[in-house]
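Shown next, in structure tokens, is the structure this report addresses.
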Amino acid sequence: MKIKTWMLVAIRPLVITMVFCSACVFTSCSSNDIDPVTPSEEEAYTGIPLVILDTDIGSSTDDLFALEMLHYYEQQGRCKLLGVVVDREGEDCAACADVMDTYFNNGDVPIGLVREGVRHPAIWINYKALPDFTKADGTPMFACSIDDYSALPDGWQLYRRLLAAQPDHSVSICSIGFTACLAQLLESVGDAYSPLSGVELVRRKVKCLYIQGGSFGQSPEPDYNFLQDMDFAKTFFRLWPSDVDIIFDPMETGNGIEYLPEQVIADISWTDEHPIKQVYMTCNCNTGQMMWDPLTVINAVEGDDLFTLTERGTVVLNDDGTVIFTPSATGNSRFQMPGDDAWRSAMLEIIRNVNKILINNN
């Protein structure tokens, strides 16, 4: 798809500017114990996307679809899910991720949990009881793989462990929640996993960050994820390395890609004991759920060709939570452009098709 230029003309108070490097080359990337990893334990990079999902699971259901899609892609051999960083506080949120991982026969995927993150964020659809759902006979409907969620590492610590063990410039991060764990990672110092600082570890290991956030339309709106704790967001924008690529998945790109509750339930017709179907059958999901988050996963795994991306540029975060994109040949940021009705329908079908088939969960 031809890359288009979208230049915004706006004047707002500049707070944090991401500075970029002309050396960037943009390409598509696509046990819960934390033991020190030595270089000899690194696996050779095979070329498939190595993905870390950073999610505020436990509220909006598009997080569930994003995680489901990663398991689906991995079963197809199209990516490797390295780990899940849960950036919404609460062991019940980590348990939701554990249910999803275990259901899709991937219970050994490590999970990290934020503990000093965004305090009391809004909950749009409360499905935190998912791990406690039971069958008619009172037995648990869904299995879990983790016995003690209090023993989970902090999200930033899991980031350090996973990144240190990967080949250089190989990891794709899909950030579909808050920036707390990313900010804490960037502020971290050398440890048993790596002598590198968080900034240098990201610079060395990360290929691309796909982040659901921002609004780049003609009338930019404050970003929900950034506004929840501007201190974390400012730290992220200030410290993210200038030579590591970012693709923003802005709010307006996912608008109009609505997966209706009746479609979800009908698509998973082959069983009732499916975690997402149970959420839609049990919780109040009639609020209208746009598929913002899965677009980061689709871009990371399937590549850029399905999207219309802007040219490179710089991104500025303002005090009010809005962001401004300025085209620059030396910038490391691009963002997904909204598509037409046909494109939105095609994106929704990609997501729906994952549910229409019986995914291997045995």
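Simple scheme: letters A, B, ... for chains in structure tokens order, numbers from 1 for residues in each chain, numbers from 1 for ligands in the order shown.
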
Task: Residues near stretch 281-296 of chain A, cut-off 9 Å, only C-alpha atoms, skip fewer than 5 positions along chain, as a PyMOL selection string - done: chain A and resi 60-67+69+124-127+174-177+210-212+247-261+265+272+276+301+347-348+351

Where does stretch 164-281 of chain A meet stretch 316-340 of chain A within 12 Å, residue by residue, with the nearest atom pair and distance in Å to one decimal for each, counting only C-alpha atoms, listed by chain and rising number, as a tab-separated table?
residue	atom	partner	partner_atom	distance
A:Lys207	CA	A:Asn332	CA	11.5
A:Cys208	CA	A:Asn332	CA	9.7
A:Leu209	CA	A:Ser333	CA	9.5
A:Tyr210	CA	A:Phe335	CA	9.2
A:Ile211	CA	A:Phe335	CA	9.3
A:Gln212	CA	A:Phe335	CA	9.8
A:Gly213	CA	A:Val323	CA	9.2
A:Gly214	CA	A:Val323	CA	6.0
A:Ser215	CA	A:Val323	CA	6.7
A:Phe216	CA	A:Ile324	CA	6.6
A:Gly217	CA	A:Ile324	CA	9.4
A:Gln218	CA	A:Ile324	CA	10.2
A:Ser219	CA	A:Thr322	CA	9.8
A:Pro220	CA	A:Thr322	CA	6.3
A:Glu221	CA	A:Thr322	CA	5.8
A:Pro222	CA	A:Thr322	CA	4.3
A:Asp223	CA	A:Gly321	CA	5.5
A:Tyr224	CA	A:Gly321	CA	7.9
A:Asn225	CA	A:Gly321	CA	8.9
A:Phe226	CA	A:Gly321	CA	6.1
A:Leu227	CA	A:Gly321	CA	5.4
A:Gln228	CA	A:Gly321	CA	9.2
A:Asp229	CA	A:Gly321	CA	9.7
A:Met230	CA	A:Gly321	CA	7.5
A:Asp231	CA	A:Asp319	CA	10.3
A:Phe232	CA	A:Leu317	CA	11.8
A:Ala233	CA	A:Leu317	CA	8.3
A:Lys234	CA	A:Leu317	CA	7.4
A:Thr235	CA	A:Leu317	CA	10.7
A:Phe236	CA	A:Leu317	CA	10.2
A:Phe237	CA	A:Leu317	CA	7.4
A:Arg238	CA	A:Leu317	CA	9.6
A:Trp240	CA	A:Asn332	CA	10.5
A:Pro241	CA	A:Asn332	CA	9.3
A:Ser242	CA	A:Asn332	CA	6.7
A:Asp243	CA	A:Asn332	CA	6.5
A:Val244	CA	A:Asn332	CA	6.6
A:Asp245	CA	A:Asn332	CA	4.9
A:Ile246	CA	A:Ser333	CA	4.8
A:Ile247	CA	A:Arg334	CA	5.0
A:Phe248	CA	A:Phe335	CA	4.4
A:Asp249	CA	A:Gln336	CA	5.5
A:Pro250	CA	A:Gln336	CA	6.9
A:Met251	CA	A:Pro338	CA	9.2
A:Glu252	CA	A:Pro338	CA	6.4
A:Thr253	CA	A:Pro338	CA	4.2
A:Gly254	CA	A:Pro338	CA	7.4
A:Asn255	CA	A:Pro338	CA	8.3
A:Gly256	CA	A:Pro338	CA	9.6
A:Ile257	CA	A:Gly339	CA	10.2

Task: Exercise: stretch 141-154 of chain A partners within 8 Å, only C-alpha atoms, chain neighbours under 2 positions left out, as a PyMOL selection string - done: chain A and resi 32-34+91+94-95+98-99+102-103+107-108+111-115+131-135+139+156-158+273+275

TODO: Would you list, as a ChimeraX atom specification, the residues of stretch 125-239 of chain A that end up in alpha helix (DSSP H) under DSSP run on this structure's backbone?
DONE: /A:155-164,180-187,198-205,224-227,230-239

Pull N, CA and C atoms from the residues just selected and write them as a compact mmCIF listing (two decimals), in the first residue's frame.
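result-v9.txt was written with the following content:
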# COMPACT_ATOMS: atom_id res chain seq x y z
N GLY A 155 6.62 -6.06 36.07
CA GLY A 155 6.63 -6.03 34.62
C GLY A 155 7.97 -5.59 34.04
N TRP A 156 8.57 -4.56 34.61
CA TRP A 156 9.84 -4.06 34.08
C TRP A 156 10.95 -5.10 34.26
N GLN A 157 10.86 -5.89 35.33
CA GLN A 157 11.86 -6.93 35.54
C GLN A 157 11.73 -8.03 34.48
N LEU A 158 10.49 -8.40 34.15
CA LEU A 158 10.29 -9.40 33.11
C LEU A 158 10.80 -8.87 31.77
N TYR A 159 10.55 -7.61 31.50
CA TYR A 159 11.10 -7.01 30.29
C TYR A 159 12.61 -7.22 30.22
N ARG A 160 13.30 -6.93 31.31
CA ARG A 160 14.76 -7.03 31.31
C ARG A 160 15.21 -8.48 31.07
N ARG A 161 14.54 -9.41 31.73
CA ARG A 161 14.91 -10.82 31.55
C ARG A 161 14.71 -11.24 30.09
N LEU A 162 13.56 -10.92 29.54
CA LEU A 162 13.25 -11.38 28.18
C LEU A 162 14.13 -10.70 27.15
N LEU A 163 14.31 -9.40 27.27
CA LEU A 163 15.12 -8.69 26.28
C LEU A 163 16.56 -9.16 26.31
N ALA A 164 17.11 -9.37 27.49
CA ALA A 164 18.51 -9.77 27.61
C ALA A 164 18.79 -11.09 26.91
N ALA A 180 3.38 2.55 32.01
CA ALA A 180 4.08 2.44 33.29
C ALA A 180 5.27 1.49 33.22
N CYS A 181 5.06 0.27 32.73
CA CYS A 181 6.14 -0.71 32.72
C CYS A 181 7.24 -0.33 31.74
N LEU A 182 6.86 0.27 30.62
CA LEU A 182 7.88 0.75 29.68
C LEU A 182 8.72 1.85 30.31
N ALA A 183 8.07 2.77 31.02
CA ALA A 183 8.81 3.84 31.69
C ALA A 183 9.74 3.28 32.76
N GLN A 184 9.25 2.31 33.53
CA GLN A 184 10.07 1.71 34.57
C GLN A 184 11.23 0.92 33.98
N LEU A 185 11.00 0.27 32.85
CA LEU A 185 12.08 -0.42 32.16
C LEU A 185 13.16 0.57 31.73
N LEU A 186 12.74 1.67 31.13
CA LEU A 186 13.70 2.65 30.64
C LEU A 186 14.50 3.28 31.77
N GLU A 187 13.92 3.38 32.95
CA GLU A 187 14.61 3.97 34.10
C GLU A 187 15.49 2.95 34.83
N GLY A 198 18.31 0.32 31.19
CA GLY A 198 17.09 0.04 30.46
C GLY A 198 17.07 0.66 29.08
N VAL A 199 17.54 1.89 28.98
CA VAL A 199 17.58 2.57 27.68
C VAL A 199 18.47 1.81 26.71
N GLU A 200 19.65 1.40 27.18
CA GLU A 200 20.59 0.70 26.30
C GLU A 200 20.10 -0.70 25.96
N LEU A 201 19.40 -1.33 26.89
CA LEU A 201 18.87 -2.66 26.63
C LEU A 201 17.81 -2.59 25.53
N VAL A 202 16.95 -1.58 25.61
CA VAL A 202 15.95 -1.38 24.56
C VAL A 202 16.63 -1.08 23.23
N ARG A 203 17.61 -0.20 23.27
CA ARG A 203 18.33 0.15 22.04
C ARG A 203 18.99 -1.08 21.41
N ARG A 204 19.51 -1.97 22.22
CA ARG A 204 20.23 -3.14 21.73
C ARG A 204 19.28 -4.22 21.22
N LYS A 205 18.14 -4.41 21.89
CA LYS A 205 17.34 -5.61 21.63
C LYS A 205 16.04 -5.37 20.87
N TYR A 224 -6.25 8.45 26.15
CA TYR A 224 -6.66 7.84 27.42
C TYR A 224 -5.47 7.20 28.13
N ASN A 225 -4.72 6.37 27.41
CA ASN A 225 -3.63 5.65 28.05
C ASN A 225 -2.57 6.59 28.60
N PHE A 226 -2.23 7.64 27.87
CA PHE A 226 -1.22 8.58 28.33
C PHE A 226 -1.72 9.40 29.51
N LEU A 227 -3.00 9.79 29.47
CA LEU A 227 -3.55 10.66 30.51
C LEU A 227 -3.67 9.97 31.86
N MET A 230 0.41 10.88 33.59
CA MET A 230 1.26 11.64 32.68
C MET A 230 2.74 11.53 33.05
N ASP A 231 3.04 11.27 34.32
CA ASP A 231 4.45 11.11 34.71
C ASP A 231 5.07 9.93 33.98
N PHE A 232 4.35 8.81 33.93
CA PHE A 232 4.86 7.65 33.20
C PHE A 232 4.99 7.98 31.71
N ALA A 233 3.97 8.62 31.16
CA ALA A 233 3.99 8.93 29.74
C ALA A 233 5.14 9.87 29.39
N LYS A 234 5.37 10.87 30.23
CA LYS A 234 6.46 11.81 29.97
C LYS A 234 7.81 11.11 30.05
N THR A 235 7.94 10.19 31.01
CA THR A 235 9.19 9.44 31.13
C THR A 235 9.41 8.58 29.89
N PHE A 236 8.35 7.93 29.44
CA PHE A 236 8.46 7.11 28.23
C PHE A 236 8.89 7.95 27.04
N PHE A 237 8.24 9.07 26.79
CA PHE A 237 8.58 9.91 25.65
C PHE A 237 9.99 10.48 25.77
N ARG A 238 10.40 10.78 26.99
CA ARG A 238 11.72 11.39 27.18
C ARG A 238 12.84 10.39 27.00
N LEU A 239 12.64 9.13 27.43
CA LEU A 239 13.74 8.18 27.47
C LEU A 239 13.76 7.17 26.34

- [ ] Go ahead and compute the interatomic distance for atom CA of A:Val206 and atom CA of A:Val118, in Å to one decimal.
- [x] 24.2 Å

- [ ] Between atom CA of A:Ser269 and atom CA of A:Asn355, measure the distance and give it in Å to one decimal.
- [x] 8.8 Å

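When atom CA of A:Asp87 is paired with atom CA of A:Val279, their separation reads 20.3 Å.
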
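Among the residues of stretch 59-235 of chain A, backbone DSSP assigns strand (DSSP E) to Lys80, Leu81, Leu82, Gly83, Val84, Val85, Val86, Ile111, Gly112, Leu113, Val171, Ser172, Ile173, Cys174, Ser175, Val206, Lys207, Cys208, Leu209, Tyr210, Ile211 and Gln212 of chain A.
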